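Colleague: Got a structure for you, written out below as structure tokens; questions coming shortly.
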Amino acid sequence: MAHRSMNSKISYKEVNEDVLSLITRSGPKYYILLVLVASLAIGLFFLPWVYQIYVGQGVSGLNVPNVWGIYLVNFVFWVGIAHAGTLISAMLYITKTPWRRSIARGAESMTLFALIIVTTFIFIHMGRPWNLYWPFPYPNQRGIWTSFQSPVMFDVIAISTYFTSSAVFLYFGMIPDFAALRHTATGWRKKLYTAMALGWRGTDKEWHFHAKASMFFAAFIMPLVVSVHTIVSWDFALSVVPGYSKTVFAPYFVTGALLSGFSGVILMVTLLRGAVPFVKKYITIDHFDKIGLFIIVLSLIWSYLTSMEIFTGIYADTPLEWASIKHKIFESPYFELFSLMIVCNTLVPLLMIIRKIRRTPAYMFIACIFIIIGMWLERYLIVPNALSRKFLPFMWHDYSPTWVEASITAGALFFFITMFLIYIKIAPVISIYEIKEDIGLPMKREHK
Amino acid sequence: MSDAVLGIYKYVDLVADAADDLISAGHEVEVIFPIPVGHGIDHILPKKKNPIKYFTLFGGLSGLIFGTLFVLLTATLYPLPRGGRPLFPLSPTFIASYEFTILFGVLMTFAGFLIMMYIKRTKRDIDLPELSIDSFGLLVENLGSHALADVEKTLKDCGAVEVRRL
């Protein structure tokens with residue numbers, strides 16, 4: 001069956017003008033919002049981090065045995081947010097799904113900024129970010145060499161690869177758009193776009209190579225996305241700590257990442273539609289509907305894997321495993337957090353079965369906020385929770401995040417939004433040529 | 001003296017008609033589009049090869065070899081003996097080689113794209129604003145003065161809104 005374009009009533013010229021105006025026209029509201037969000041990022045994220053560096057890691061709630069706290073919760077959470085972007089783009093590109101075109105670019109940029117946050121949280125957790133070069137393997141006189149047998153080193157390799165590949169994938173897709181914008185942009189943007197276009201002229205040969213290379217990128221990115229969160233899950237699953245050592249963690253983390261990532265995309269596109277009215281022409285209710293269907297499926301898989309994690313632990317019935325599960329599910333405050341997680345990740349997404357909810361951006365926005373909260377809680381219930389009931393009871397110690405950790409956690413969101421607000425004024429957040437593809441080819445004979 | 005002609009069109013099927021006529025007359029044509037037209041004109045233009053796949057294959061294989069050697073050779077040069085663990089571990093070697101296969105594959109694909117984009121590329125100025133918005137260009141090069149007029153006529157007859165000598 002032929003696909004009916006979502007954007008069939010829009011002209012090519014209108015697309016160029018809209019995307020350029022999204023970049024160049026910024027009213028006072030934009031600058032007020034940017035200053036506000038950037039101030040919150042500095043105040044809540046960077047200043048507490050500087051304070052932590054100055055005073056020491058003791059300002060955090062980390063202790064023995066809880067040596068992994070909220071910073072690594074955030075690390076895993078933001079890796080999850082990073083997942084949907086590139087996956088939406090790559091998976092839907094390979095399957096030639098037309099509705100991806102309007103949202104793919106925004107989702108890909110989400111990936112990149114989320115990965116910047118991910119990297120930052122590694123530095124924050126390290127406590128001494130100036131020792132960053134320690135994990136890099138090169139001959140040195142310190143007598144230190146990296147152990148490739150450590151899952152943490154898997155992370156370094158996987159996340160570096162993911163960051164580089166995602167950046168290349170994002171930039172590569174933008175080359176024709178930079179070429180289109182360089183003609184109409186002025187000032188520094190014209191120079192920037194001319195340089196970024198790499199001499200693109202839109203010949204048939206260039207488009208042919210672009211399509212082929214895009215297909216290769218998509219084919220590389222899909223297994224990469226799965227491998228990255230699998231490797232992140234192995235930070236925990238390859239240990240022997242009760243509550244961490246689970247074979248189900250790899251698919252569990254990947255599914256959770258996609259669930260939070262798709263929800264993140266809904267939040268992003270809803271805010272973009274609200275802030276820039278003409279974006280509604282390109283990102284339509286149909287996009288909410290289709291992503292909603294993805295979310296339902298992912299939520300069901302996630303719920304199944306959650307129940308498997310719990311049931312297999314109960315069935316094992318070892319004292320160590322049982323202590324971990326009891327702490328996670330039945331003891332306050334984790335009982336309340338676990339219940340909230342189930343409400344957010346299992347019950348709320350089920351509401352999307354109702355078509356009206358899927359097709360109402362406000363409802364989807366609220367539902368996705370719940371899912372994001374639920375997915376953050378899932379990571380919180382795994383990372384510090386398991387460590388606080390590690391082996392012998394005399395080692396047991398609870399973990400509570402301090403104001404510094406809470407502030408950096410909240411500030412990360414504003415840091416992310418700041419980057420996105422700057423990005424939308426530099427690069428096309430909606431793909432010009434892909435929207436035009438969605439509109440269709442202009443044919444003289446059909447108009448007769 | 002100019003020896004090339006660029007026809008500018010508003011409709012893809014008209015470009016396809018013109019390209020068909022000119023290719024039948026023995027000319028080599030270059031088309032310029034604001035979007036990937038693909039099936040709209042692919043059946044008329046000469047079939048294109050895809051040399052990028054060789055770059056991709058080379059990148060993937062070199063990444064695989066690099067990742068494997070990266071772990072194994074460093075384990076040889078800087079041994080980290082740990083109780084109960086092999087000096088040359090299988091799983092970390094697999095993970096590093098897997099990730100480097102992808103990384104090098106992506107980077108070499110990008111490099112391959114850039115190289116192929118610049119190879120045998122016309123040096124003429126065909127970078128026109130309208131061709132990146134809503135118009136479609138058809139370029140014919142290396143024409144003699146007599147052929148120039150013929151090609152211009154063909155382009156106009158096929159519905160070009162503008163014909164330029166380059």
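Here's how to read the names in the structure tokens: chain A, B, ... by the order shown, residue numbers from 1 in each chain, ligand numbers from 1 in the order shown.
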Give me, as a ChimeraX atom specification, the contact residues of chain A against chain B at a cut-off of 8 Å, counting only C-alpha atoms.
Modeller: /A:12-13,16,145,147-149,154,157-158,161,164-165,168,172,179-180,183-184,201-210,212-213,216-217,220-221,224,433-434,436-437,441-445
Colleague: Output N, CA and C atoms for every residue in the selection just made, as a short mmCIF file (atom, residue, chain, number, x, y, z; two decimals), in the first residue's frame.
Modeller:
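Result went into part32.cif, see below:
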data_model
loop_
_atom_site.label_atom_id
_atom_site.label_comp_id
_atom_site.auth_asym_id
_atom_site.auth_seq_id
_atom_site.Cartn_x
_atom_site.Cartn_y
_atom_site.Cartn_z
N TYR A 12 8.20 22.80 -1.01
CA TYR A 12 9.64 22.67 -0.74
C TYR A 12 10.22 23.97 -0.18
N LYS A 13 9.81 25.07 -0.81
CA LYS A 13 10.35 26.37 -0.41
C LYS A 13 9.99 26.69 1.04
N ASN A 16 12.35 25.02 3.51
CA ASN A 16 13.62 25.74 3.67
C ASN A 16 13.43 26.97 4.55
N TRP A 145 48.68 0.27 34.18
CA TRP A 145 48.20 -0.16 32.87
C TRP A 145 46.75 -0.56 33.01
N SER A 147 43.31 -2.51 32.69
CA SER A 147 42.93 -3.91 32.60
C SER A 147 41.71 -4.05 31.69
N PHE A 148 41.89 -4.66 30.56
CA PHE A 148 40.77 -4.83 29.63
C PHE A 148 39.78 -5.88 30.13
N GLN A 149 40.14 -6.53 31.22
CA GLN A 149 39.21 -7.51 31.77
C GLN A 149 38.16 -6.85 32.66
N PHE A 154 35.36 -1.86 29.31
CA PHE A 154 34.41 -2.11 28.20
C PHE A 154 33.62 -0.82 27.94
N ILE A 157 35.51 1.90 26.01
CA ILE A 157 35.58 1.60 24.56
C ILE A 157 34.20 1.77 23.92
N ALA A 158 33.16 1.21 24.57
CA ALA A 158 31.82 1.22 23.97
C ALA A 158 31.26 2.64 23.87
N THR A 161 33.06 4.76 21.31
CA THR A 161 32.62 4.36 19.97
C THR A 161 31.23 4.92 19.67
N THR A 164 31.36 8.76 19.13
CA THR A 164 31.96 9.10 17.83
C THR A 164 31.00 8.74 16.69
N SER A 165 30.46 7.53 16.75
CA SER A 165 29.59 7.07 15.65
C SER A 165 28.31 7.91 15.59
N VAL A 168 29.13 11.28 14.06
CA VAL A 168 29.31 11.16 12.61
C VAL A 168 27.96 10.99 11.92
N PHE A 172 26.62 13.65 9.37
CA PHE A 172 26.51 13.16 7.99
C PHE A 172 25.12 13.46 7.42
N ALA A 179 24.22 22.54 3.20
CA ALA A 179 24.39 23.05 1.84
C ALA A 179 23.19 23.89 1.42
N ALA A 180 22.00 23.44 1.81
CA ALA A 180 20.78 24.20 1.46
C ALA A 180 20.71 25.52 2.22
N HIS A 183 22.94 29.07 1.35
CA HIS A 183 22.55 30.08 0.36
C HIS A 183 21.69 31.17 0.97
N THR A 184 20.89 30.82 1.94
CA THR A 184 19.96 31.79 2.49
C THR A 184 20.40 32.38 3.83
N ARG A 201 26.83 19.62 -3.44
CA ARG A 201 26.09 20.35 -4.47
C ARG A 201 24.79 19.68 -4.85
N GLY A 202 24.60 18.47 -4.36
CA GLY A 202 23.33 17.80 -4.63
C GLY A 202 23.27 17.07 -5.94
N THR A 203 24.41 16.67 -6.48
CA THR A 203 24.37 15.91 -7.74
C THR A 203 23.84 14.50 -7.45
N ASP A 204 23.41 13.87 -8.53
CA ASP A 204 22.85 12.53 -8.38
C ASP A 204 23.87 11.57 -7.78
N LYS A 205 25.15 11.76 -8.18
CA LYS A 205 26.22 10.90 -7.67
C LYS A 205 26.37 11.10 -6.15
N GLU A 206 26.30 12.37 -5.72
CA GLU A 206 26.44 12.65 -4.28
C GLU A 206 25.29 12.03 -3.48
N TRP A 207 24.08 12.17 -4.01
CA TRP A 207 22.92 11.58 -3.31
C TRP A 207 23.03 10.07 -3.25
N HIS A 208 23.54 9.48 -4.34
CA HIS A 208 23.70 8.03 -4.39
C HIS A 208 24.66 7.57 -3.30
N PHE A 209 25.82 8.24 -3.21
CA PHE A 209 26.80 7.86 -2.19
C PHE A 209 26.29 8.16 -0.79
N HIS A 210 25.52 9.24 -0.67
CA HIS A 210 24.96 9.60 0.64
C HIS A 210 24.01 8.51 1.12
N LYS A 212 23.94 5.35 0.20
CA LYS A 212 24.67 4.10 0.49
C LYS A 212 25.38 4.20 1.83
N ALA A 213 26.05 5.32 2.05
CA ALA A 213 26.78 5.49 3.31
C ALA A 213 25.81 5.53 4.49
N PHE A 216 24.94 2.08 5.47
CA PHE A 216 26.02 1.43 6.23
C PHE A 216 26.06 1.96 7.66
N PHE A 217 25.89 3.27 7.81
CA PHE A 217 25.90 3.84 9.16
C PHE A 217 24.78 3.22 9.99
N PHE A 220 25.56 -0.21 11.07
CA PHE A 220 26.56 -0.25 12.14
C PHE A 220 25.96 0.19 13.47
N ILE A 221 25.11 1.22 13.39
CA ILE A 221 24.61 1.85 14.61
C ILE A 221 23.69 0.91 15.39
N LEU A 224 25.43 -1.45 17.50
CA LEU A 224 26.20 -0.64 18.46
C LEU A 224 25.32 -0.21 19.62
N TYR A 433 15.83 17.95 3.73
CA TYR A 433 15.64 17.08 2.55
C TYR A 433 14.76 15.88 2.86
N GLU A 434 14.76 15.45 4.10
CA GLU A 434 13.91 14.29 4.42
C GLU A 434 12.43 14.69 4.49
N LYS A 436 11.22 16.98 2.63
CA LYS A 436 10.85 17.11 1.21
C LYS A 436 10.58 15.74 0.60
N GLU A 437 11.35 14.76 1.02
CA GLU A 437 11.09 13.39 0.55
C GLU A 437 9.69 12.96 0.96
N LEU A 441 7.77 13.84 -4.80
CA LEU A 441 8.42 14.48 -5.94
C LEU A 441 7.40 15.29 -6.74
N PRO A 442 7.77 16.50 -7.16
CA PRO A 442 6.85 17.28 -8.00
C PRO A 442 6.83 16.72 -9.43
N MET A 443 5.65 16.35 -9.88
CA MET A 443 5.51 15.77 -11.23
C MET A 443 4.55 16.61 -12.05
N LYS A 444 4.98 16.97 -13.22
CA LYS A 444 4.16 17.80 -14.10
C LYS A 444 2.93 17.03 -14.57
N ARG A 445 3.15 15.81 -15.00
CA ARG A 445 2.07 15.05 -15.62
C ARG A 445 0.94 14.73 -14.64
#
Colleague: Residues at most 9 Å from stretch 296-309 of chain A, counting only C-alpha atoms, excluding those fewer than 6 positions away in the same chain, as a PyMOL selection string?
Modeller: chain A and resi 246-249+251-253+255-256+258-259+342+345-347+349-353
Colleague: Quick one: pull the distance between atom CA of B:Ile119 and atom CA of A:Leu198, Å, one decimal.
Modeller: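 Separating atom CA of B:Ile119 from atom CA of A:Leu198 is a distance of 13.6 Å.
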Colleague: Just the residues within 9 Å of stretch 79-93 of chain A, please, counting only C-alpha atoms, with nothing from its chain fewer than 2 positions along; format it as number ranges by chain.
Modeller: A: 74-77, 95-101, 103-115, 117-118, 159, 166, 169-170, 214-215, 217-222, 225-226, 228-229, 232, 253-265, 372, 375
Colleague: Using C-alpha atoms, can you write the selected residues to a file as a PDB file, in the first residue's frame?
Modeller:
ATOM      1  CA  ASN A  74      22.390   9.186  36.296  1.00  0.00           C
ATOM      2  CA  PHE A  75      25.088   7.722  34.074  1.00  0.00           C
ATOM      3  CA  VAL A  76      22.935   4.687  33.267  1.00  0.00           C
ATOM      4  CA  PHE A  77      19.781   6.804  32.961  1.00  0.00           C
ATOM      5  CA  THR A  95      13.050  -0.411   7.529  1.00  0.00           C
ATOM      6  CA  LYS A  96      12.299   2.649   5.374  1.00  0.00           C
ATOM      7  CA  THR A  97       9.636   3.910   7.781  1.00  0.00           C
ATOM      8  CA  PRO A  98       8.511   7.284   6.385  1.00  0.00           C
ATOM      9  CA  TRP A  99       7.339   8.949   9.605  1.00  0.00           C
ATOM     10  CA  ARG A 100      10.849   8.899  11.058  1.00  0.00           C
ATOM     11  CA  ARG A 101      11.906  11.759   8.798  1.00  0.00           C
ATOM     12  CA  ILE A 103      11.738  13.477  14.221  1.00  0.00           C
ATOM     13  CA  ALA A 104      14.960  11.624  13.411  1.00  0.00           C
ATOM     14  CA  ARG A 105      17.247  14.653  13.452  1.00  0.00           C
ATOM     15  CA  GLY A 106      15.965  15.917  16.798  1.00  0.00           C
ATOM     16  CA  ALA A 107      16.235  12.434  18.248  1.00  0.00           C
ATOM     17  CA  GLU A 108      19.797  12.008  16.949  1.00  0.00           C
ATOM     18  CA  SER A 109      20.846  15.284  18.538  1.00  0.00           C
ATOM     19  CA  MET A 110      19.269  14.100  21.791  1.00  0.00           C
ATOM     20  CA  THR A 111      21.626  11.143  21.637  1.00  0.00           C
ATOM     21  CA  LEU A 112      24.669  13.339  21.312  1.00  0.00           C
ATOM     22  CA  PHE A 113      23.761  15.685  24.155  1.00  0.00           C
ATOM     23  CA  ALA A 114      22.726  12.827  26.416  1.00  0.00           C
ATOM     24  CA  LEU A 115      26.114  11.224  25.769  1.00  0.00           C
ATOM     25  CA  ILE A 117      25.924  14.271  30.078  1.00  0.00           C
ATOM     26  CA  VAL A 118      26.892  10.593  30.384  1.00  0.00           C
ATOM     27  CA  ILE A 159      30.797   4.739  24.930  1.00  0.00           C
ATOM     28  CA  SER A 166      26.526   9.055  16.763  1.00  0.00           C
ATOM     29  CA  PHE A 169      25.785   9.868  11.930  1.00  0.00           C
ATOM     30  CA  LEU A 170      24.206  13.155  13.041  1.00  0.00           C
ATOM     31  CA  SER A 214      23.644   6.233   5.380  1.00  0.00           C
ATOM     32  CA  MET A 215      22.606   2.611   5.029  1.00  0.00           C
ATOM     33  CA  PHE A 217      25.901   3.845   9.157  1.00  0.00           C
ATOM     34  CA  ALA A 218      22.437   2.611  10.125  1.00  0.00           C
ATOM     35  CA  ALA A 219      23.586  -1.002   9.875  1.00  0.00           C
ATOM     36  CA  PHE A 220      26.560  -0.253  12.137  1.00  0.00           C
ATOM     37  CA  ILE A 221      24.614   1.852  14.607  1.00  0.00           C
ATOM     38  CA  MET A 222      21.905  -0.702  15.388  1.00  0.00           C
ATOM     39  CA  VAL A 225      23.165   0.705  20.329  1.00  0.00           C
ATOM     40  CA  VAL A 226      22.379  -2.751  21.672  1.00  0.00           C
ATOM     41  CA  VAL A 228      26.477  -0.166  24.443  1.00  0.00           C
ATOM     42  CA  HIS A 229      23.678  -0.692  26.923  1.00  0.00           C
ATOM     43  CA  VAL A 232      26.650  -0.780  30.625  1.00  0.00           C
ATOM     44  CA  PHE A 253      18.741  -2.507  30.339  1.00  0.00           C
ATOM     45  CA  VAL A 254      18.380  -2.290  26.574  1.00  0.00           C
ATOM     46  CA  THR A 255      14.581  -2.404  26.801  1.00  0.00           C
ATOM     47  CA  GLY A 256      14.533   0.132  29.623  1.00  0.00           C
ATOM     48  CA  ALA A 257      16.850   2.395  27.656  1.00  0.00           C
ATOM     49  CA  LEU A 258      14.564   2.311  24.654  1.00  0.00           C
ATOM     50  CA  LEU A 259      11.502   2.921  26.810  1.00  0.00           C
ATOM     51  CA  SER A 260      13.049   5.996  28.424  1.00  0.00           C
ATOM     52  CA  GLY A 261      14.542   7.094  25.101  1.00  0.00           C
ATOM     53  CA  PHE A 262      11.231   7.021  23.232  1.00  0.00           C
ATOM     54  CA  SER A 263       9.632   8.877  26.137  1.00  0.00           C
ATOM     55  CA  GLY A 264      12.408  11.445  25.956  1.00  0.00           C
ATOM     56  CA  VAL A 265      11.675  11.926  22.266  1.00  0.00           C
ATOM     57  CA  ILE A 372      11.070   9.016  32.680  1.00  0.00           C
ATOM     58  CA  MET A 375      13.020   4.619  34.503  1.00  0.00           C
TER      59      MET A 375
END
Colleague: I'd like the neighbourhood of stretch 393-400 of chain A as a PyMOL selection string, where a residue qualifies if any of its atoms comes within 7 Å (using only C-alpha atoms), though same-chain residues fewer than 5 positions away should be ignored.
Modeller: chain A and resi 61+65-66+384+388
Colleague: List the spatial neighbours of stretch 332-334 of chain A as a count of residues only - criterion: any atom at most 10 Å away, only C-alpha atoms, same-chain residues fewer than 5 positions off excluded.
Modeller: 8
Colleague: Using the chain letters and numbers from this document, which residues of chain B does DSSP assign to helix (DSSP H, G or I), as a ChimeraX atom specification?
Modeller: /B:12-24,38-40,52-77,90-118,129-132,145-157
Colleague: Would you please extract all strand (DSSP E) residues from stretch 10-152 of chain B, as assigned by DSSP on the backbone, and give them as JSON, numbers by chain?
Modeller: {"B": [29, 30, 31, 32, 136, 137, 138, 139, 140]}
Colleague: Save out the residues we just selected, C-alpha atoms, as a short mmCIF file (atom, residue, chain, number, x, y, z; two decimals), in the first residue's frame.
Modeller:
data_model
loop_
_atom_site.label_atom_id
_atom_site.label_comp_id
_atom_site.auth_asym_id
_atom_site.auth_seq_id
_atom_site.Cartn_x
_atom_site.Cartn_y
_atom_site.Cartn_z
CA VAL B 29 24.42 14.21 -18.14
CA GLU B 30 24.68 15.22 -14.50
CA VAL B 31 21.52 15.90 -12.51
CA ILE B 32 21.34 18.15 -9.46
CA PHE B 136 16.07 20.42 -10.46
CA GLY B 137 19.14 20.86 -12.64
CA LEU B 138 20.40 18.97 -15.64
CA LEU B 139 24.01 19.62 -16.65
CA VAL B 140 25.55 18.60 -19.96
#
Colleague: Can you pull out every residue within 10 Å of A:Glu405, counting only C-alpha atoms, but drop anything in the same chain fewer than 2 positions away, and send it as a list of chain:residue names?
Modeller: A:Leu44, A:Phe45, A:Pro48, A:Trp49, A:Gln52, A:Val59, A:Ser60, A:Gly61, A:Leu62, A:Gly69, A:Ile70, A:Tyr71, A:Ile124, A:Ser400, A:Pro401, A:Thr402, A:Trp403, A:Ser407, A:Ile408, A:Thr409, A:Ala410, A:Gly411
Colleague: Can those selected residues be exported to a file as a PDB file, in the first residue's frame so that it contains N, CA and C atoms?
Modeller:
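File part_12.pdb, as written:
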ATOM      1  N   LEU A  44      22.911  24.696  39.515  1.00  0.00           N
ATOM      2  CA  LEU A  44      22.565  23.389  40.080  1.00  0.00           C
ATOM      3  C   LEU A  44      23.559  22.293  39.685  1.00  0.00           C
ATOM      4  N   PHE A  45      24.204  22.465  38.543  1.00  0.00           N
ATOM      5  CA  PHE A  45      25.072  21.383  38.047  1.00  0.00           C
ATOM      6  C   PHE A  45      26.565  21.705  38.254  1.00  0.00           C
ATOM      7  N   PRO A  48      27.832  23.042  42.189  1.00  0.00           N
ATOM      8  CA  PRO A  48      27.988  21.949  43.158  1.00  0.00           C
ATOM      9  C   PRO A  48      29.116  20.979  42.781  1.00  0.00           C
ATOM     10  N   TRP A  49      29.331  20.801  41.484  1.00  0.00           N
ATOM     11  CA  TRP A  49      30.435  19.915  41.057  1.00  0.00           C
ATOM     12  C   TRP A  49      31.787  20.537  41.454  1.00  0.00           C
ATOM     13  N   GLN A  52      32.224  20.092  45.016  1.00  0.00           N
ATOM     14  CA  GLN A  52      32.614  18.712  45.329  1.00  0.00           C
ATOM     15  C   GLN A  52      34.104  18.478  45.028  1.00  0.00           C
ATOM     16  N   VAL A  59      31.522  15.051  50.237  1.00  0.00           N
ATOM     17  CA  VAL A  59      30.255  15.795  50.261  1.00  0.00           C
ATOM     18  C   VAL A  59      29.123  14.981  49.646  1.00  0.00           C
ATOM     19  N   SER A  60      29.465  13.912  48.986  1.00  0.00           N
ATOM     20  CA  SER A  60      28.416  13.038  48.447  1.00  0.00           C
ATOM     21  C   SER A  60      28.024  12.013  49.520  1.00  0.00           C
ATOM     22  N   GLY A  61      26.965  11.286  49.233  1.00  0.00           N
ATOM     23  CA  GLY A  61      26.493  10.291  50.212  1.00  0.00           C
ATOM     24  C   GLY A  61      27.179   8.941  50.064  1.00  0.00           C
ATOM     25  N   LEU A  62      28.203   8.872  49.210  1.00  0.00           N
ATOM     26  CA  LEU A  62      28.883   7.596  48.984  1.00  0.00           C
ATOM     27  C   LEU A  62      29.569   7.121  50.264  1.00  0.00           C
ATOM     28  N   GLY A  69      26.856   5.426  43.652  1.00  0.00           N
ATOM     29  CA  GLY A  69      25.622   6.105  44.089  1.00  0.00           C
ATOM     30  C   GLY A  69      24.860   6.702  42.934  1.00  0.00           C
ATOM     31  N   ILE A  70      24.299   7.858  43.230  1.00  0.00           N
ATOM     32  CA  ILE A  70      23.360   8.481  42.301  1.00  0.00           C
ATOM     33  C   ILE A  70      24.045   8.948  41.002  1.00  0.00           C
ATOM     34  N   TYR A  71      25.339   9.205  41.073  1.00  0.00           N
ATOM     35  CA  TYR A  71      26.027   9.637  39.844  1.00  0.00           C
ATOM     36  C   TYR A  71      26.003   8.527  38.795  1.00  0.00           C
ATOM     37  N   ILE A 124      32.301  13.221  37.158  1.00  0.00           N
ATOM     38  CA  ILE A 124      31.800  13.608  38.482  1.00  0.00           C
ATOM     39  C   ILE A 124      31.994  12.448  39.454  1.00  0.00           C
ATOM     40  N   SER A 400      21.967   7.440  51.219  1.00  0.00           N
ATOM     41  CA  SER A 400      21.057   8.560  50.943  1.00  0.00           C
ATOM     42  C   SER A 400      21.842   9.625  50.197  1.00  0.00           C
ATOM     43  N   PRO A 401      21.325  10.063  49.081  1.00  0.00           N
ATOM     44  CA  PRO A 401      22.045  11.121  48.372  1.00  0.00           C
ATOM     45  C   PRO A 401      22.034  12.429  49.158  1.00  0.00           C
ATOM     46  N   THR A 402      23.110  13.182  49.056  1.00  0.00           N
ATOM     47  CA  THR A 402      23.168  14.485  49.722  1.00  0.00           C
ATOM     48  C   THR A 402      22.626  15.568  48.793  1.00  0.00           C
ATOM     49  N   TRP A 403      22.594  16.807  49.286  1.00  0.00           N
ATOM     50  CA  TRP A 403      22.073  17.905  48.471  1.00  0.00           C
ATOM     51  C   TRP A 403      22.951  18.118  47.237  1.00  0.00           C
ATOM     52  N   SER A 407      21.368  18.034  43.672  1.00  0.00           N
ATOM     53  CA  SER A 407      21.461  19.236  42.852  1.00  0.00           C
ATOM     54  C   SER A 407      22.091  18.927  41.492  1.00  0.00           C
ATOM     55  N   ILE A 408      23.170  18.165  41.495  1.00  0.00           N
ATOM     56  CA  ILE A 408      23.831  17.814  40.223  1.00  0.00           C
ATOM     57  C   ILE A 408      22.889  16.985  39.346  1.00  0.00           C
ATOM     58  N   THR A 409      22.110  16.110  39.982  1.00  0.00           N
ATOM     59  CA  THR A 409      21.142  15.288  39.230  1.00  0.00           C
ATOM     60  C   THR A 409      20.106  16.169  38.533  1.00  0.00           C
ATOM     61  N   ALA A 410      19.545  17.125  39.288  1.00  0.00           N
ATOM     62  CA  ALA A 410      18.543  18.019  38.690  1.00  0.00           C
ATOM     63  C   ALA A 410      19.195  18.938  37.671  1.00  0.00           C
ATOM     64  N   GLY A 411      20.402  19.402  37.990  1.00  0.00           N
ATOM     65  CA  GLY A 411      21.102  20.335  37.100  1.00  0.00           C
ATOM     66  C   GLY A 411      21.432  19.720  35.760  1.00  0.00           C
TER      67      GLY A 411
END
Colleague: Provide the atom CA of A:Phe370 to atom CA of A:Leu36 distance in Å, to one decimal place.
Modeller: 24.4 Å
Colleague: Grab the atom CA of B:Lys156 to atom CA of A:Ile10 distance for me, in Å with one decimal place.
Modeller: 27.8 Å
Colleague: Quick one: residues within 12 Å of stretch 144-148 of chain B, only C-alpha atoms counted, chain neighbours fewer than 3 positions away excluded, as a list of chain:residue names?
Modeller: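 Result of the neighbour search: B:Met1, B:Ser2, B:Asp3, B:Ala4, B:Val5, B:Leu6, B:Gly7, B:Leu22, B:Ala25, B:Gly26, B:His27, B:Leu139, B:Val140, B:Glu141, B:Val151, B:Glu152, B:Lys153, B:Thr154, B:Leu155, B:Val163, B:Arg164, B:Arg165, B:Leu166.
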